$ cat data-v2.pdb   # PDB, C-alpha atoms, pLDDT in the B column
ATOM      1  CA  MET Q   1       0.000   0.000   0.000  1.00 46.00           C
ATOM      2  CA  SER Q   2       1.444   3.367  -1.025  1.00 50.00           C
ATOM      3  CA  ARG Q   3       0.916   6.538   0.960  1.00 53.00           C
ATOM      4  CA  GLU Q   4       0.388   9.864  -0.718  1.00 56.00           C
ATOM      5  CA  HIS Q   5       2.839  12.588   0.278  1.00 53.00           C
ATOM      6  CA  ALA Q   6       2.289  16.301   0.030  1.00 54.00           C
ATOM      7  CA  PRO Q   7       4.659  18.070  -2.365  1.00 56.00           C
ATOM      8  CA  GLY Q   8       7.907  18.970  -0.680  1.00 52.00           C
ATOM      9  CA  THR Q   9       7.626  16.452   2.151  1.00 51.00           C
ATOM     10  CA  ALA Q  10      10.261  13.835   2.744  1.00 52.00           C
ATOM     11  CA  ARG Q  11       9.713  10.130   2.344  1.00 54.00           C
ATOM     12  CA  GLY Q  12      11.763   7.715   4.355  1.00 53.00           C
ATOM     13  CA  ALA Q  13      12.088   4.635   6.490  1.00 50.00           C
ATOM     14  CA  LEU Q  14       9.568   5.960   9.004  1.00 55.00           C
ATOM     15  CA  ASP Q  15       6.895   5.651   6.328  1.00 57.00           C
ATOM     16  CA  GLY Q  16       7.480   1.906   6.163  1.00 60.00           C
ATOM     17  CA  GLU Q  17       9.871   2.212   3.242  1.00 66.00           C
ATOM     18  CA  GLN Q  18      13.389   0.851   3.130  1.00 67.00           C
ATOM     19  CA  PRO Q  19      16.270   3.189   4.066  1.00 67.00           C
ATOM     20  CA  ARG Q  20      18.478   4.542   1.296  1.00 70.00           C
ATOM     21  CA  ARG Q  21      20.706   1.835  -0.097  1.00 69.00           C
ATOM     22  CA  TRP Q  22      24.057   3.507   0.660  1.00 69.00           C
ATOM     23  CA  THR Q  23      23.171   3.751   4.343  1.00 70.00           C
ATOM     24  CA  THR Q  24      22.687   0.013   4.694  1.00 72.00           C
ATOM     25  CA  ALA Q  25      25.183  -1.273   2.098  1.00 75.00           C
ATOM     26  CA  LEU Q  26      28.217   0.428   3.654  1.00 76.00           C
ATOM     27  CA  PRO Q  27      29.712  -0.823   6.924  1.00 84.00           C
ATOM     28  CA  LYS Q  28      28.345   0.786  10.065  1.00 84.00           C
ATOM     29  CA  ALA Q  29      31.679   2.504  10.801  1.00 88.00           C
ATOM     30  CA  ALA Q  30      31.833   4.039   7.301  1.00 88.00           C
ATOM     31  CA  VAL Q  31      28.310   5.476   7.460  1.00 87.00           C
ATOM     32  CA  THR Q  32      28.965   6.811  10.956  1.00 90.00           C
ATOM     33  CA  THR Q  33      32.263   8.409   9.880  1.00 93.00           C
ATOM     34  CA  VAL Q  34      30.724  10.083   6.822  1.00 93.00           C
ATOM     35  CA  LEU Q  35      27.829  11.518   8.802  1.00 93.00           C
ATOM     36  CA  VAL Q  36      30.012  12.593  11.752  1.00 96.00           C
ATOM     37  CA  VAL Q  37      32.447  14.446   9.485  1.00 97.00           C
ATOM     38  CA  ALA Q  38      29.591  16.178   7.652  1.00 96.00           C
ATOM     39  CA  MET Q  39      27.757  17.248  10.813  1.00 96.00           C
ATOM     40  CA  ALA Q  40      30.917  18.274  12.688  1.00 96.00           C
ATOM     41  CA  GLY Q  41      31.959  20.338   9.667  1.00 96.00           C
ATOM     42  CA  ALA Q  42      28.595  22.077   9.553  1.00 96.00           C
ATOM     43  CA  ALA Q  43      28.770  22.727  13.308  1.00 96.00           C
ATOM     44  CA  ALA Q  44      32.337  24.067  12.965  1.00 95.00           C
ATOM     45  CA  LEU Q  45      31.126  26.567  10.374  1.00 95.00           C
ATOM     46  CA  LEU Q  46      28.311  27.598  12.685  1.00 93.00           C
ATOM     47  CA  GLY Q  47      30.776  27.946  15.570  1.00 92.00           C
ATOM     48  CA  TRP Q  48      33.084  30.092  13.468  1.00 91.00           C
ATOM     49  CA  PHE Q  49      30.137  32.223  12.404  1.00 89.00           C
ATOM     50  CA  ALA Q  50      29.052  32.750  16.002  1.00 87.00           C
ATOM     51  CA  ALA Q  51      32.573  33.443  17.301  1.00 88.00           C
ATOM     52  CA  HIS Q  52      33.957  35.679  14.559  1.00 87.00           C
ATOM     53  CA  TRP Q  53      31.373  36.972  12.138  1.00 86.00           C
ATOM     54  CA  LEU Q  54      28.725  37.993  14.648  1.00 85.00           C
ATOM     55  CA  PRO Q  55      30.965  40.272  16.774  1.00 86.00           C
ATOM     56  CA  ALA Q  56      32.499  41.815  13.644  1.00 86.00           C
ATOM     57  CA  HIS Q  57      29.179  42.612  11.953  1.00 86.00           C
ATOM     58  CA  THR Q  58      26.755  43.149  14.820  1.00 83.00           C
ATOM     59  CA  GLY Q  59      26.762  44.881  18.175  1.00 83.00           C
ATOM     60  CA  LEU Q  60      27.347  41.564  19.938  1.00 80.00           C
ATOM     61  CA  PRO Q  61      30.560  41.709  21.995  1.00 85.00           C
ATOM     62  CA  ALA Q  62      33.238  39.048  21.469  1.00 83.00           C
ATOM     63  CA  THR Q  63      33.319  36.953  24.625  1.00 86.00           C
ATOM     64  CA  ALA Q  64      35.048  33.785  25.763  1.00 86.00           C
ATOM     65  CA  ARG Q  65      31.684  32.035  25.628  1.00 86.00           C
ATOM     66  CA  LEU Q  66      31.408  32.715  21.903  1.00 86.00           C
ATOM     67  CA  GLU Q  67      34.971  31.446  21.360  1.00 87.00           C
ATOM     68  CA  ARG Q  68      34.102  28.173  23.092  1.00 90.00           C
ATOM     69  CA  LEU Q  69      31.441  27.532  20.461  1.00 88.00           C
ATOM     70  CA  ARG Q  70      34.224  26.849  17.932  1.00 90.00           C
ATOM     71  CA  ILE Q  71      35.046  23.695  19.916  1.00 93.00           C
ATOM     72  CA  ASP Q  72      31.796  22.902  21.717  1.00 94.00           C
ATOM     73  CA  LEU Q  73      29.490  22.831  18.685  1.00 95.00           C
ATOM     74  CA  PRO Q  74      31.539  20.418  16.527  1.00 96.00           C
ATOM     75  CA  LEU Q  75      32.230  18.175  19.522  1.00 96.00           C
ATOM     76  CA  SER Q  76      28.552  18.030  20.452  1.00 96.00           C
ATOM     77  CA  ALA Q  77      27.537  17.428  16.853  1.00 96.00           C
ATOM     78  CA  ALA Q  78      30.051  14.588  16.492  1.00 96.00           C
ATOM     79  CA  LEU Q  79      28.877  12.890  19.687  1.00 97.00           C
ATOM     80  CA  ALA Q  80      25.191  13.265  18.878  1.00 96.00           C
ATOM     81  CA  THR Q  81      25.623  12.083  15.288  1.00 94.00           C
ATOM     82  CA  THR Q  82      27.619   9.048  16.409  1.00 95.00           C
ATOM     83  CA  ILE Q  83      25.022   8.024  18.977  1.00 94.00           C
ATOM     84  CA  VAL Q  84      22.039   8.553  16.682  1.00 92.00           C
ATOM     85  CA  THR Q  85      23.653   6.840  13.690  1.00 89.00           C
ATOM     86  CA  LEU Q  86      24.758   3.784  15.638  1.00 88.00           C
ATOM     87  CA  ARG Q  87      21.347   3.431  17.301  1.00 88.00           C
ATOM     88  CA  TRP Q  88      19.582   3.873  13.952  1.00 83.00           C
ATOM     89  CA  ARG Q  89      21.786   1.291  12.234  1.00 74.00           C
ATOM     90  CA  SER Q  90      21.181  -1.150  15.082  1.00 76.00           C
ATOM     91  CA  ALA Q  91      17.431  -0.626  14.787  1.00 76.00           C
ATOM     92  CA  VAL Q  92      17.519  -1.089  10.998  1.00 71.00           C
ATOM     93  CA  ALA Q  93      19.590  -4.269  11.332  1.00 63.00           C
ATOM     94  CA  ALA Q  94      17.328  -5.799  14.003  1.00 60.00           C
ATOM     95  CA  PRO Q  95      14.568  -7.992  12.592  1.00 60.00           C
ATOM     96  CA  ARG Q  96      11.034  -6.894  13.350  1.00 61.00           C
ATOM     97  CA  THR Q  97       8.752  -9.266  15.155  1.00 61.00           C
TER      98      THR Q  97
END
$ encode --input "data-v2.pdb" --output "C-alpha cells"
Amino acid sequence: MSREHAPGTARGALDGEQPRRWTTALPKAAVTTVLVVAMAGAAALLGWFAAHWLPAHTGLPATARLERLRIDLPLSAALATTIVTLRWRSAVAAPRT
C-alpha cells in the first residue's frame, strides 16, 4: 500500500519504506564516519560564524563564551551524530517481530 505525500515532504524509512541503499550497504563505521564528518563540519562553520562573524558585523561583543562555540558545537555534533547513527543502524539491522 502506497501513501500519498504532500509536495515537498520527505519520504523515508519511518513511512514503512526501506532506508536509502548507501546507508545500509556500507559498513556501520563508514556510514557513521561520513555523517560525523559532515555534521561536525557544519557545526564548525556555525561555531566560526558565532565566534567571529557575529561580533564583527553586529553589536554583539566578542566573549570567551562565543569562542568556546568553535570547539563545543563540533564536539557536540560529532557525539550526537555518532550516537544517533549507531542506534539507527542497530534498529535497521534488528529484525522486526
$ atom_distance --input "data-v2.pdb" --atom1 "atom CA of Q:Ala51" --atom2 "atom CA of Q:Ala77"
16.8 Å
$ atom_distance --input "data-v2.pdb" --atom1 "atom CA of Q:Leu54" --atom2 "atom CA of Q:Leu75"
20.7 Å
$ atom_distance --input "data-v2.pdb" --atom1 "atom CA of Q:Leu73" --atom2 "atom CA of Q:Ala44"
6.5 Å
$ resolve_selection --input "data-v2.pdb" --expression "the PyMOL selection byres ((chain Q and resi 84-94) around 9)" --output "PyMOL selection string"
chain Q and resi 19+23-24+28-29+31-32+35-36+79-83+95-96
$ residues_around --input "data-v2.pdb" --residues "Q:Phe49" --least-positions-apart "3" --cutoff "12 Å" --atoms "all atoms listed in the file" --output "count of residues only"
18
